[in-house]
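**Q** This is the structure I want to talk about, given as structure tokens.
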Amino acid sequence: MSNYQAPLRDMRFVIHELVESHKICALPGYADCDADLIDAVLEEASRFAGDILSPLNPVGDRDGARWLAGADGKGEVRTAAGFADAYKQFAEGGWMALPCPPDHGGQGLPRLLAVAVSEMWKSANLSFSHVITLTHGAIEALMIAGSTELKDTWLPKLVSGEWTGTMNITEPQAGSDLAAIACRAVPQPDGSFRISGQKIFITYGDHDMAANIVHLVLARTPDAPTGTKGISLFIVPKFLVNDDGTLGERNDVHVVSVEHKMGIRASPTCVLAYGDNSDGAIGYLIGEENAGMRYMFTMMNNARLGVGLEGLGLGERSYQQALAYAKERKQGYAPGAARGEKSAIIEHPDVRRQLLTMKAYTESMRALCYKVAEQIDVGRHGPDEATRTAAQEMADLLIPLTKSYCTDVAETVTSIGIQVHGGMGFIEETGAAQHYRDAKITQIYEGTNGIQAMDLVGRKLPMRAGGVYQDQLARMRATAADLAAGDERLAPIARELGAALDALEDATGWVLTEGLADPVQALSAATPYQRLFATTAAGWLMGQQALAAVASIDAGAADADVAATKLVTARFFAEHLLPQVHGLVAPVKAGKTDLFALTADQL
Ligand SMILES: Cc1cc2nc3c(=O)[nH]c(=O)nc-3n(C[C@H](O)[C@H](O)[C@H](O)COP(=O)(O)OP(=O)(O)OC[C@H]3O[C@@H](n4cnc5c(N)ncnc54)[C@H](O)[C@@H]3O)c2cc1C
């Protein structure tokens, strides 16, 4: 089993050459950031990820998080051996604070850098990384809508990592359908609320790594409108906090059970009962009543980008492991090899194809995730309203593409990772299977990929009457033109990207025309359309990297090897992976006909 090593050279290439970090560091609010700082933080994070988190990944998979039932029926969760200590080091190292606002103890560094660092946590130990992602989600919710009092009480200890956060959305009858949320919140004379009901699937809903857990809970007040318009957002802590900031009484929120799962076994997935032993757990309203969904939507870009990063992280980890194995394992003779010592399997053409597929997919995921992070930074810190709006629109359009692409591709990449190992890949001891098992959930949570596809065709394509899509198309066409103006090194990439863009335009035309006439057509086509669009967008960013690579090579840049490697990977992506989009046009246009040709009983 190989240990994780952060792919620093590729990360730096994407950060400095594709995204052009100097432009992000020049944004108002990021004055302390420059290329040297970025590189230093990446180095330091790579050590923590490789030395501390990565060795715990198989331990967590084997031992999992355990629920210890208490005598009173109120259990608690024990994380796998080593997790609590690693978390202590993580918080003491200041890592939680990296992307957080400076006025509450954060370091205020760009989202771009936070995303690169987060990729490392996710590669090294996906289960561990969840506690970070959820805490950042809670911090963001408070930043968006919390009162000064709430911010002052909860933010400093969340930012320092002393306390952690959760996101409580799902209930037994309310999964994708958030309108069905039923947890109740009853106002009290002192301004607080009493929360009751059950939440399921709550990640890090209980654990032994921090002194307090700050649950963010969606619930309904007594006279709230039905549906999503009547949902409010509350803070419900595990321990109440006294006026002097010390921890007070235990609140009436208890873990009822912990799920046994296919993957991410060290990440506790809890059923939480609110108010079972009283007239409700004590909670505090965040922002306005009935505005909970609005706040959730604002947070969603970051949360969905975070899950896209999980796909990227797992793809990278799986690739590293397969590559190491392919260099060691000897079988047969590769074509042209001298008889004598057998060839390492990396010399066989089919294994080469598999490894390059893993590498090219992984690099395309990285490009997409970092590009979205760049747009989120510009959307928040851009110098003027028009720049900020354009960046926010681009991020909004790319989010469902990034979440679905990275997680679908992660399933493919981690499956190939097993394949490269042959039979040993199927044996748990090698660790290759863990990445595949861990990857599956990323296609499901934070809005299944089917829900992402509905978001794409139903909400994102119609943005500004199709103007946001047109702007994106123009950007991708401009890159194709730049590639076409280059020399023969770029010609195959220009050709394939141009053809993919033609396919995208063709499919988009069908979705918009048919979808206007009959939404069922658009919804039936949504998933193949999403894959077509996302693969094309990935091809666009691989093309941009090829342009940057050629510029670096021609300028005699110091790390010419990275640029030369990138050029080959981009060409492989263009010639071997991007053409898949042509096979998706027909499924898009096939629409609903066959889907509803059988009754439910005939299926
Ligand atoms: C390990 C794990 C961790 C989780 N962590 C959290 C957490 O921390 N906090 C939290 O609140 N939740 C969490 N969840 C819940 C997760 O977000 C939901 O499981 C997910 O949103 C899907 O909801 P569901 O499971 O009820 O599936 P359902 O909504 O029942 O969906 C079943 C299938 O139907 C499809 N479907 C549903 N509705 C539609 C529709 N309108 N159109 C087309 N297709 C549709 C879905 O795509 C899916 O394929 C977690 C879940 C798991 C398994």
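So you can find residues: chains in the structure tokens are A, B, ... in the order shown, residues in each start at 1, and ligands are numbered from 1 in order.
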Dump as JSON lines the rows for residues of chain A within 10 Å of ligand 1: closest atom pair and distance in Å with one decimal, only C-alpha atoms and all ligand atoms counted, ordered by chain and rising residue number.

**A**
```
{"residue": "A:Ser127", "atom": "CA", "partner": "ligand 1", "partner_atom_place_in_ligand_line": "1 (C)", "distance": 9.8}
{"residue": "A:His130", "atom": "CA", "partner": "ligand 1", "partner_atom_place_in_ligand_line": "8 (O)", "distance": 8.6}
{"residue": "A:Val131", "atom": "CA", "partner": "ligand 1", "partner_atom_place_in_ligand_line": "8 (O)", "distance": 9.6}
{"residue": "A:Thr133", "atom": "CA", "partner": "ligand 1", "partner_atom_place_in_ligand_line": "8 (O)", "distance": 9.8}
{"residue": "A:Leu134", "atom": "CA", "partner": "ligand 1", "partner_atom_place_in_ligand_line": "8 (O)", "distance": 7.3}
{"residue": "A:Gly165", "atom": "CA", "partner": "ligand 1", "partner_atom_place_in_ligand_line": "8 (O)", "distance": 9.7}
{"residue": "A:Thr166", "atom": "CA", "partner": "ligand 1", "partner_atom_place_in_ligand_line": "8 (O)", "distance": 6.2}
{"residue": "A:Met167", "atom": "CA", "partner": "ligand 1", "partner_atom_place_in_ligand_line": "9 (N)", "distance": 4.8}
{"residue": "A:Asn168", "atom": "CA", "partner": "ligand 1", "partner_atom_place_in_ligand_line": "11 (O)", "distance": 4.2}
{"residue": "A:Ile169", "atom": "CA", "partner": "ligand 1", "partner_atom_place_in_ligand_line": "11 (O)", "distance": 3.3}
{"residue": "A:Thr170", "atom": "CA", "partner": "ligand 1", "partner_atom_place_in_ligand_line": "11 (O)", "distance": 3.9}
{"residue": "A:Glu171", "atom": "CA", "partner": "ligand 1", "partner_atom_place_in_ligand_line": "11 (O)", "distance": 7.5}
{"residue": "A:Pro172", "atom": "CA", "partner": "ligand 1", "partner_atom_place_in_ligand_line": "26 (O)", "distance": 7.0}
{"residue": "A:Gln173", "atom": "CA", "partner": "ligand 1", "partner_atom_place_in_ligand_line": "26 (O)", "distance": 7.1}
{"residue": "A:Ala174", "atom": "CA", "partner": "ligand 1", "partner_atom_place_in_ligand_line": "26 (O)", "distance": 6.0}
{"residue": "A:Gly175", "atom": "CA", "partner": "ligand 1", "partner_atom_place_in_ligand_line": "26 (O)", "distance": 3.1}
{"residue": "A:Ser176", "atom": "CA", "partner": "ligand 1", "partner_atom_place_in_ligand_line": "29 (O)", "distance": 3.6}
{"residue": "A:Asp177", "atom": "CA", "partner": "ligand 1", "partner_atom_place_in_ligand_line": "29 (O)", "distance": 6.0}
{"residue": "A:Leu178", "atom": "CA", "partner": "ligand 1", "partner_atom_place_in_ligand_line": "29 (O)", "distance": 8.8}
{"residue": "A:Lys199", "atom": "CA", "partner": "ligand 1", "partner_atom_place_in_ligand_line": "11 (O)", "distance": 7.3}
{"residue": "A:Ile200", "atom": "CA", "partner": "ligand 1", "partner_atom_place_in_ligand_line": "12 (N)", "distance": 6.8}
{"residue": "A:Phe201", "atom": "CA", "partner": "ligand 1", "partner_atom_place_in_ligand_line": "50 (C)", "distance": 4.5}
{"residue": "A:Ile202", "atom": "CA", "partner": "ligand 1", "partner_atom_place_in_ligand_line": "8 (O)", "distance": 3.9}
{"residue": "A:Thr203", "atom": "CA", "partner": "ligand 1", "partner_atom_place_in_ligand_line": "8 (O)", "distance": 3.8}
{"residue": "A:Tyr204", "atom": "CA", "partner": "ligand 1", "partner_atom_place_in_ligand_line": "8 (O)", "distance": 7.1}
{"residue": "A:Gly205", "atom": "CA", "partner": "ligand 1", "partner_atom_place_in_ligand_line": "8 (O)", "distance": 7.5}
{"residue": "A:His215", "atom": "CA", "partner": "ligand 1", "partner_atom_place_in_ligand_line": "8 (O)", "distance": 10.0}
{"residue": "A:Leu216", "atom": "CA", "partner": "ligand 1", "partner_atom_place_in_ligand_line": "11 (O)", "distance": 9.4}
{"residue": "A:Val217", "atom": "CA", "partner": "ligand 1", "partner_atom_place_in_ligand_line": "11 (O)", "distance": 8.4}
{"residue": "A:Leu218", "atom": "CA", "partner": "ligand 1", "partner_atom_place_in_ligand_line": "11 (O)", "distance": 8.7}
{"residue": "A:Glu259", "atom": "CA", "partner": "ligand 1", "partner_atom_place_in_ligand_line": "1 (C)", "distance": 8.1}
{"residue": "A:His260", "atom": "CA", "partner": "ligand 1", "partner_atom_place_in_ligand_line": "1 (C)", "distance": 9.2}
{"residue": "A:Lys261", "atom": "CA", "partner": "ligand 1", "partner_atom_place_in_ligand_line": "1 (C)", "distance": 7.1}
{"residue": "A:Met262", "atom": "CA", "partner": "ligand 1", "partner_atom_place_in_ligand_line": "1 (C)", "distance": 8.8}
{"residue": "A:Gly263", "atom": "CA", "partner": "ligand 1", "partner_atom_place_in_ligand_line": "1 (C)", "distance": 7.9}
{"residue": "A:Ile264", "atom": "CA", "partner": "ligand 1", "partner_atom_place_in_ligand_line": "1 (C)", "distance": 7.1}
{"residue": "A:Arg265", "atom": "CA", "partner": "ligand 1", "partner_atom_place_in_ligand_line": "1 (C)", "distance": 8.6}
{"residue": "A:Ser267", "atom": "CA", "partner": "ligand 1", "partner_atom_place_in_ligand_line": "1 (C)", "distance": 7.8}
{"residue": "A:Pro268", "atom": "CA", "partner": "ligand 1", "partner_atom_place_in_ligand_line": "1 (C)", "distance": 8.1}
{"residue": "A:Thr269", "atom": "CA", "partner": "ligand 1", "partner_atom_place_in_ligand_line": "3 (C)", "distance": 5.7}
{"residue": "A:Cys270", "atom": "CA", "partner": "ligand 1", "partner_atom_place_in_ligand_line": "5 (N)", "distance": 8.4}
{"residue": "A:Asp438", "atom": "CA", "partner": "ligand 1", "partner_atom_place_in_ligand_line": "1 (C)", "distance": 9.4}
{"residue": "A:Lys440", "atom": "CA", "partner": "ligand 1", "partner_atom_place_in_ligand_line": "53 (C)", "distance": 9.6}
{"residue": "A:Ile441", "atom": "CA", "partner": "ligand 1", "partner_atom_place_in_ligand_line": "1 (C)", "distance": 6.2}
{"residue": "A:Thr442", "atom": "CA", "partner": "ligand 1", "partner_atom_place_in_ligand_line": "1 (C)", "distance": 8.6}
{"residue": "A:Gln443", "atom": "CA", "partner": "ligand 1", "partner_atom_place_in_ligand_line": "47 (O)", "distance": 9.2}
{"residue": "A:Ile444", "atom": "CA", "partner": "ligand 1", "partner_atom_place_in_ligand_line": "20 (C)", "distance": 5.6}
{"residue": "A:Tyr445", "atom": "CA", "partner": "ligand 1", "partner_atom_place_in_ligand_line": "17 (O)", "distance": 3.9}
{"residue": "A:Glu446", "atom": "CA", "partner": "ligand 1", "partner_atom_place_in_ligand_line": "17 (O)", "distance": 4.7}
{"residue": "A:Gly447", "atom": "CA", "partner": "ligand 1", "partner_atom_place_in_ligand_line": "21 (O)", "distance": 4.7}
{"residue": "A:Thr448", "atom": "CA", "partner": "ligand 1", "partner_atom_place_in_ligand_line": "47 (O)", "distance": 4.9}
{"residue": "A:Asn449", "atom": "CA", "partner": "ligand 1", "partner_atom_place_in_ligand_line": "47 (O)", "distance": 6.4}
{"residue": "A:Gly450", "atom": "CA", "partner": "ligand 1", "partner_atom_place_in_ligand_line": "47 (O)", "distance": 4.5}
{"residue": "A:Ile451", "atom": "CA", "partner": "ligand 1", "partner_atom_place_in_ligand_line": "47 (O)", "distance": 5.5}
{"residue": "A:Gln452", "atom": "CA", "partner": "ligand 1", "partner_atom_place_in_ligand_line": "47 (O)", "distance": 8.6}
{"residue": "A:Ala453", "atom": "CA", "partner": "ligand 1", "partner_atom_place_in_ligand_line": "43 (C)", "distance": 8.9}
{"residue": "A:Met454", "atom": "CA", "partner": "ligand 1", "partner_atom_place_in_ligand_line": "42 (N)", "distance": 7.2}
{"residue": "A:Leu523", "atom": "CA", "partner": "ligand 1", "partner_atom_place_in_ligand_line": "43 (C)", "distance": 8.0}
{"residue": "A:Ser524", "atom": "CA", "partner": "ligand 1", "partner_atom_place_in_ligand_line": "43 (C)", "distance": 9.2}
{"residue": "A:Ala526", "atom": "CA", "partner": "ligand 1", "partner_atom_place_in_ligand_line": "43 (C)", "distance": 9.8}
```

**Q** Taking only range 112-174 of chain A into account, list the residues labelled alpha helix (DSSP H) by DSSP (computed from the backbone), as a ChimeraX atom specification.

**A** /A:112-124,126-145,148-159

**Q** Can you tell me how far CA of Leu368 in chain A sits from CA of Ala474 in chain A, in Å to one decimal?

**A** 17.2 Å

**Q** I'd like to know which of A:Ser118, A:Leu355, A:Leu126, A:Asn212 is closest to Trp163 in chain A, using only C-alpha atoms.

**A**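 Looking at the shortest contact to Trp163 in chain A, the residue is A:Asn212.
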
**Q** Please measure the separation of CA of Tyr370 in chain A and CA of Met11 in chain A, giving the value in Å to one decimal.

**A**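 Computing the Euclidean distance for CA of Tyr370 in chain A and CA of Met11 in chain A yields 9.2 Å.
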
**Q** Which residues come within 12 Å of His582 in chain A, counting only C-alpha atoms, excluding same-chain residues fewer than 6 positions away, as a ChimeraX atom specification?

**A** /A:496-507,528-529,531-533,535-536,588-589

**Q** Let's see if you can do this: from backbone DSSP, list all strand (DSSP E) residues in range 95-200 of chain A, as a list in words.

**A**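 Written out, the strand (DSSP E) residues of range 95-200 of chain A are Trp163, Thr164, Gly165, Thr166, Met167, Asn168, Arg184, Ala185, Val186, Pro187, Phe193, Arg194, Ile195, Ser196, Gly197, Gln198, Lys199 and Ile200 of chain A.
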
**Q** Write the selection just made, keeping N, CA and C atoms, as a PDB file, in the first residue's frame?

**A**
```pdb
ATOM      1  N   TRP A 163     -14.011  23.644  18.364  1.00  0.00           N
ATOM      2  CA  TRP A 163     -15.308  23.000  18.188  1.00  0.00           C
ATOM      3  C   TRP A 163     -15.470  22.666  16.703  1.00  0.00           C
ATOM      4  N   THR A 164     -16.352  21.724  16.418  1.00  0.00           N
ATOM      5  CA  THR A 164     -16.583  21.376  15.002  1.00  0.00           C
ATOM      6  C   THR A 164     -18.059  21.580  14.655  1.00  0.00           C
ATOM      7  N   GLY A 165     -18.357  21.536  13.353  1.00  0.00           N
ATOM      8  CA  GLY A 165     -19.719  21.800  12.888  1.00  0.00           C
ATOM      9  C   GLY A 165     -20.326  20.607  12.157  1.00  0.00           C
ATOM     10  N   THR A 166     -21.648  20.652  12.006  1.00  0.00           N
ATOM     11  CA  THR A 166     -22.355  19.652  11.194  1.00  0.00           C
ATOM     12  C   THR A 166     -23.422  20.355  10.373  1.00  0.00           C
ATOM     13  N   MET A 167     -23.968  19.642   9.403  1.00  0.00           N
ATOM     14  CA  MET A 167     -25.063  20.163   8.596  1.00  0.00           C
ATOM     15  C   MET A 167     -26.215  19.170   8.685  1.00  0.00           C
ATOM     16  N   ASN A 168     -27.332  19.596   9.295  1.00  0.00           N
ATOM     17  CA  ASN A 168     -28.474  18.695   9.523  1.00  0.00           C
ATOM     18  C   ASN A 168     -29.615  19.046   8.584  1.00  0.00           C
ATOM     19  N   ARG A 184     -39.293  20.406  13.996  1.00  0.00           N
ATOM     20  CA  ARG A 184     -40.046  21.558  14.493  1.00  0.00           C
ATOM     21  C   ARG A 184     -39.147  22.482  15.319  1.00  0.00           C
ATOM     22  N   ALA A 185     -39.441  23.774  15.258  1.00  0.00           N
ATOM     23  CA  ALA A 185     -38.709  24.766  16.068  1.00  0.00           C
ATOM     24  C   ALA A 185     -39.735  25.704  16.688  1.00  0.00           C
ATOM     25  N   VAL A 186     -39.852  25.654  18.017  1.00  0.00           N
ATOM     26  CA  VAL A 186     -40.887  26.447  18.696  1.00  0.00           C
ATOM     27  C   VAL A 186     -40.218  27.613  19.422  1.00  0.00           C
ATOM     28  N   PRO A 187     -40.656  28.857  19.132  1.00  0.00           N
ATOM     29  CA  PRO A 187     -40.018  30.027  19.756  1.00  0.00           C
ATOM     30  C   PRO A 187     -40.280  30.083  21.259  1.00  0.00           C
ATOM     31  N   PHE A 193     -35.137  28.904  20.634  1.00  0.00           N
ATOM     32  CA  PHE A 193     -36.148  27.992  20.079  1.00  0.00           C
ATOM     33  C   PHE A 193     -35.957  26.614  20.696  1.00  0.00           C
ATOM     34  N   ARG A 194     -37.032  25.843  20.706  1.00  0.00           N
ATOM     35  CA  ARG A 194     -36.938  24.442  21.133  1.00  0.00           C
ATOM     36  C   ARG A 194     -37.095  23.574  19.894  1.00  0.00           C
ATOM     37  N   ILE A 195     -36.063  22.775  19.611  1.00  0.00           N
ATOM     38  CA  ILE A 195     -36.012  22.000  18.368  1.00  0.00           C
ATOM     39  C   ILE A 195     -36.330  20.539  18.683  1.00  0.00           C
ATOM     40  N   SER A 196     -37.221  19.944  17.886  1.00  0.00           N
ATOM     41  CA  SER A 196     -37.497  18.514  18.078  1.00  0.00           C
ATOM     42  C   SER A 196     -37.663  17.827  16.722  1.00  0.00           C
ATOM     43  N   GLY A 197     -37.367  16.529  16.722  1.00  0.00           N
ATOM     44  CA  GLY A 197     -37.481  15.744  15.493  1.00  0.00           C
ATOM     45  C   GLY A 197     -36.234  14.898  15.284  1.00  0.00           C
ATOM     46  N   GLN A 198     -36.183  14.233  14.150  1.00  0.00           N
ATOM     47  CA  GLN A 198     -35.046  13.339  13.881  1.00  0.00           C
ATOM     48  C   GLN A 198     -34.334  13.724  12.581  1.00  0.00           C
ATOM     49  N   LYS A 199     -33.038  13.709  12.627  1.00  0.00           N
ATOM     50  CA  LYS A 199     -32.220  13.913  11.430  1.00  0.00           C
ATOM     51  C   LYS A 199     -31.414  12.641  11.192  1.00  0.00           C
ATOM     52  N   ILE A 200     -31.254  12.282   9.926  1.00  0.00           N
ATOM     53  CA  ILE A 200     -30.487  11.065   9.624  1.00  0.00           C
ATOM     54  C   ILE A 200     -29.284  11.407   8.745  1.00  0.00           C
TER      55      ILE A 200
END
```

**Q** Report as number ranges by chain all protein, DNA and RNA residues lying within 9 Å of range 411-423 of chain A, evaluated on only C-alpha atoms, omitting residues in the same chain fewer than 4 positions from it.

**A** A: 311, 314-323, 325-326, 329, 345, 351, 354-355, 357-359, 361-362, 406-407, 427, 430, 432-437, 439-440, 442-443

**Q** Could those residues be written to a file, using N, CA and C atoms, as a compact mmCIF listing (two decimals), in the first residue's frame?

**A**
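New file again28.txt:
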```
# COMPACT_ATOMS: atom_id res chain seq x y z
N GLY A 311 -13.86 13.77 -5.26
CA GLY A 311 -13.61 12.92 -6.44
C GLY A 311 -12.18 13.09 -6.93
N LEU A 314 -9.68 11.42 -4.46
CA LEU A 314 -9.66 9.96 -4.56
C LEU A 314 -9.02 9.50 -5.87
N GLY A 315 -9.29 10.25 -6.95
CA GLY A 315 -8.68 9.91 -8.24
C GLY A 315 -7.16 9.97 -8.15
N GLU A 316 -6.66 11.04 -7.54
CA GLU A 316 -5.21 11.22 -7.40
C GLU A 316 -4.60 10.08 -6.56
N ARG A 317 -5.26 9.78 -5.44
CA ARG A 317 -4.72 8.74 -4.53
C ARG A 317 -4.70 7.39 -5.23
N SER A 318 -5.77 7.09 -5.93
CA SER A 318 -5.87 5.82 -6.62
C SER A 318 -4.82 5.72 -7.74
N TYR A 319 -4.62 6.84 -8.43
CA TYR A 319 -3.62 6.87 -9.51
C TYR A 319 -2.22 6.62 -8.95
N GLN A 320 -1.90 7.31 -7.86
CA GLN A 320 -0.57 7.13 -7.28
C GLN A 320 -0.32 5.67 -6.92
N GLN A 321 -1.35 5.05 -6.36
CA GLN A 321 -1.20 3.67 -5.91
C GLN A 321 -1.06 2.72 -7.11
N ALA A 322 -1.86 2.94 -8.14
CA ALA A 322 -1.80 2.08 -9.33
C ALA A 322 -0.45 2.25 -10.04
N LEU A 323 0.03 3.48 -10.10
CA LEU A 323 1.30 3.75 -10.77
C LEU A 323 2.44 3.02 -10.05
N TYR A 325 2.27 0.40 -8.18
CA TYR A 325 2.12 -1.05 -8.37
C TYR A 325 2.58 -1.46 -9.77
N ALA A 326 2.20 -0.66 -10.76
CA ALA A 326 2.52 -1.00 -12.16
C ALA A 326 4.02 -0.97 -12.42
N ARG A 329 5.18 -4.59 -10.29
CA ARG A 329 4.64 -5.90 -10.67
C ARG A 329 5.16 -6.32 -12.05
N ILE A 345 4.53 -4.40 -15.49
CA ILE A 345 3.29 -4.28 -16.26
C ILE A 345 3.10 -2.88 -16.84
N VAL A 351 -1.87 -1.39 -20.04
CA VAL A 351 -1.70 -0.80 -18.70
C VAL A 351 -1.33 0.68 -18.84
N GLN A 354 -4.44 2.54 -19.36
CA GLN A 354 -5.19 2.71 -18.11
C GLN A 354 -4.58 3.80 -17.23
N LEU A 355 -3.25 3.78 -17.13
CA LEU A 355 -2.60 4.78 -16.27
C LEU A 355 -2.77 6.20 -16.82
N THR A 357 -5.19 7.20 -18.67
CA THR A 357 -6.60 7.57 -18.48
C THR A 357 -6.80 8.11 -17.06
N MET A 358 -6.22 7.41 -16.08
CA MET A 358 -6.33 7.87 -14.69
C MET A 358 -5.69 9.25 -14.52
N LYS A 359 -4.50 9.39 -15.10
CA LYS A 359 -3.76 10.65 -14.94
C LYS A 359 -4.50 11.81 -15.62
N TYR A 361 -7.69 12.08 -16.52
CA TYR A 361 -8.95 12.40 -15.84
C TYR A 361 -8.68 13.19 -14.56
N THR A 362 -7.68 12.74 -13.80
CA THR A 362 -7.39 13.40 -12.53
C THR A 362 -6.95 14.85 -12.75
N CYS A 406 -16.53 15.25 -11.49
CA CYS A 406 -15.44 14.76 -10.64
C CYS A 406 -15.86 13.49 -9.90
N THR A 407 -17.10 13.39 -9.50
CA THR A 407 -17.49 12.22 -8.72
C THR A 407 -17.78 11.02 -9.63
N ILE A 427 -8.45 -7.60 -3.50
CA ILE A 427 -8.10 -8.01 -2.13
C ILE A 427 -7.90 -6.75 -1.30
N THR A 430 -4.46 -4.60 -0.30
CA THR A 430 -3.71 -3.64 -1.12
C THR A 430 -4.21 -2.21 -0.92
N ALA A 432 -6.44 -0.70 -2.66
CA ALA A 432 -7.00 -0.10 -3.89
C ALA A 432 -8.52 -0.06 -3.83
N ALA A 433 -9.10 -1.08 -3.23
CA ALA A 433 -10.56 -1.17 -3.19
C ALA A 433 -11.18 -0.10 -2.30
N GLN A 434 -10.43 0.34 -1.27
CA GLN A 434 -11.01 1.36 -0.38
C GLN A 434 -11.36 2.63 -1.16
N HIS A 435 -10.48 3.02 -2.07
CA HIS A 435 -10.74 4.26 -2.81
C HIS A 435 -12.03 4.14 -3.63
N TYR A 436 -12.23 2.98 -4.22
CA TYR A 436 -13.44 2.73 -5.02
C TYR A 436 -14.68 2.76 -4.13
N ARG A 437 -14.59 2.10 -2.97
CA ARG A 437 -15.75 2.09 -2.06
C ARG A 437 -16.01 3.49 -1.53
N ALA A 439 -15.37 6.23 -3.04
CA ALA A 439 -15.80 7.15 -4.11
C ALA A 439 -17.32 7.12 -4.34
N LYS A 440 -17.95 5.99 -4.08
CA LYS A 440 -19.35 5.85 -4.48
C LYS A 440 -20.26 6.91 -3.86
N THR A 442 -19.74 9.87 -3.10
CA THR A 442 -19.60 11.25 -3.60
C THR A 442 -20.60 11.55 -4.72
N GLN A 443 -21.06 10.49 -5.40
CA GLN A 443 -22.07 10.69 -6.45
C GLN A 443 -23.46 10.90 -5.85
```

**Q** Gly275 in chain A: which residues within 7 Å, counting only C-alpha atoms, same-chain residues fewer than 2 positions away excluded, as a JSON list (two decimals) with C-alpha atoms, in the first residue's frame?

**A**
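Saved to result17.json:
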```json
[["chain", "number", "residue", "atom", "x", "y", "z"],
["A", 195, "ILE", "CA", -36.01, 22.00, 18.37],
["A", 196, "SER", "CA", -37.50, 18.51, 18.08],
["A", 197, "GLY", "CA", -37.48, 15.74, 15.49],
["A", 252, "ASP", "CA", -31.01, 17.44, 24.31],
["A", 253, "VAL", "CA", -29.51, 16.25, 21.01],
["A", 273, "ALA", "CA", -32.67, 12.72, 17.93],
["A", 277, "ASN", "CA", -36.02, 13.83, 26.59],
["A", 278, "SER", "CA", -37.50, 17.31, 26.96],
["A", 279, "ASP", "CA", -39.72, 19.76, 25.12],
["A", 280, "GLY", "CA", -36.94, 20.34, 22.64],
["A", 281, "ALA", "CA", -33.22, 20.91, 22.27]]
```

**Q** Which residues are close to Trp67 in chain A, i.e. within 6 Å by only C-alpha atoms, leaving aside same-chain residues fewer than 5 positions away? Reply as a compact mmCIF listing (two decimals) with N, CA, C and O atoms, in the first residue's frame.

**A**
```txt
# COMPACT_ATOMS: atom_id res chain seq x y z
N GLU A 76 -22.67 7.42 22.39
CA GLU A 76 -21.70 8.39 21.87
C GLU A 76 -20.77 7.69 20.90
O GLU A 76 -20.70 6.46 20.87
N VAL A 77 -20.06 8.49 20.14
CA VAL A 77 -19.25 7.93 19.05
C VAL A 77 -17.77 7.98 19.39
O VAL A 77 -17.29 8.99 19.91
N VAL A 258 -25.17 4.80 14.61
CA VAL A 258 -24.19 5.15 13.59
C VAL A 258 -24.30 4.12 12.48
O VAL A 258 -24.36 2.92 12.75
```

**Q** So, counting only C-alpha atoms, which residue among A:Val271, A:Leu285, A:Met296, A:Leu577 is closest to Glu149 in chain A?

**A**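 Nearest to Glu149 in chain A: A:Leu285.
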
**Q** Counting only C-alpha atoms, which of A:Ala390, A:Leu312, A:Ala600, A:Leu512 gets nearest to Ala124 in chain A?

**A** A:Leu312

**Q** Return the single residue from A:Ser123, A:Ser21, A:Gln375, A:Pro58 that is closest to Tyr4 in chain A, with distances computed using only C-alpha atoms.

**A**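 Distance minimum relative to Tyr4 in chain A lands on A:Ser123.
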
**Q** In Å, how far is it from CA of Gly82 in chain A to CA of Val59 in chain A?

**A**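 That distance, rounded to one decimal, is 8.5 Å.
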
**Q** Closest to Gly292 in chain A among A:Ala334, A:Ile144, A:Ile376, A:Leu305, using only C-alpha atoms?

**A** A:Ile144

**Q** Got a sec: who's within 12 Å of Glu575 in chain A, counting only C-alpha atoms, leaving out chain neighbours fewer than 6 positions off, as a ChimeraX atom specification?

**A** /A:356-357,360,490-497,499-500,539,542-543,568-569,581
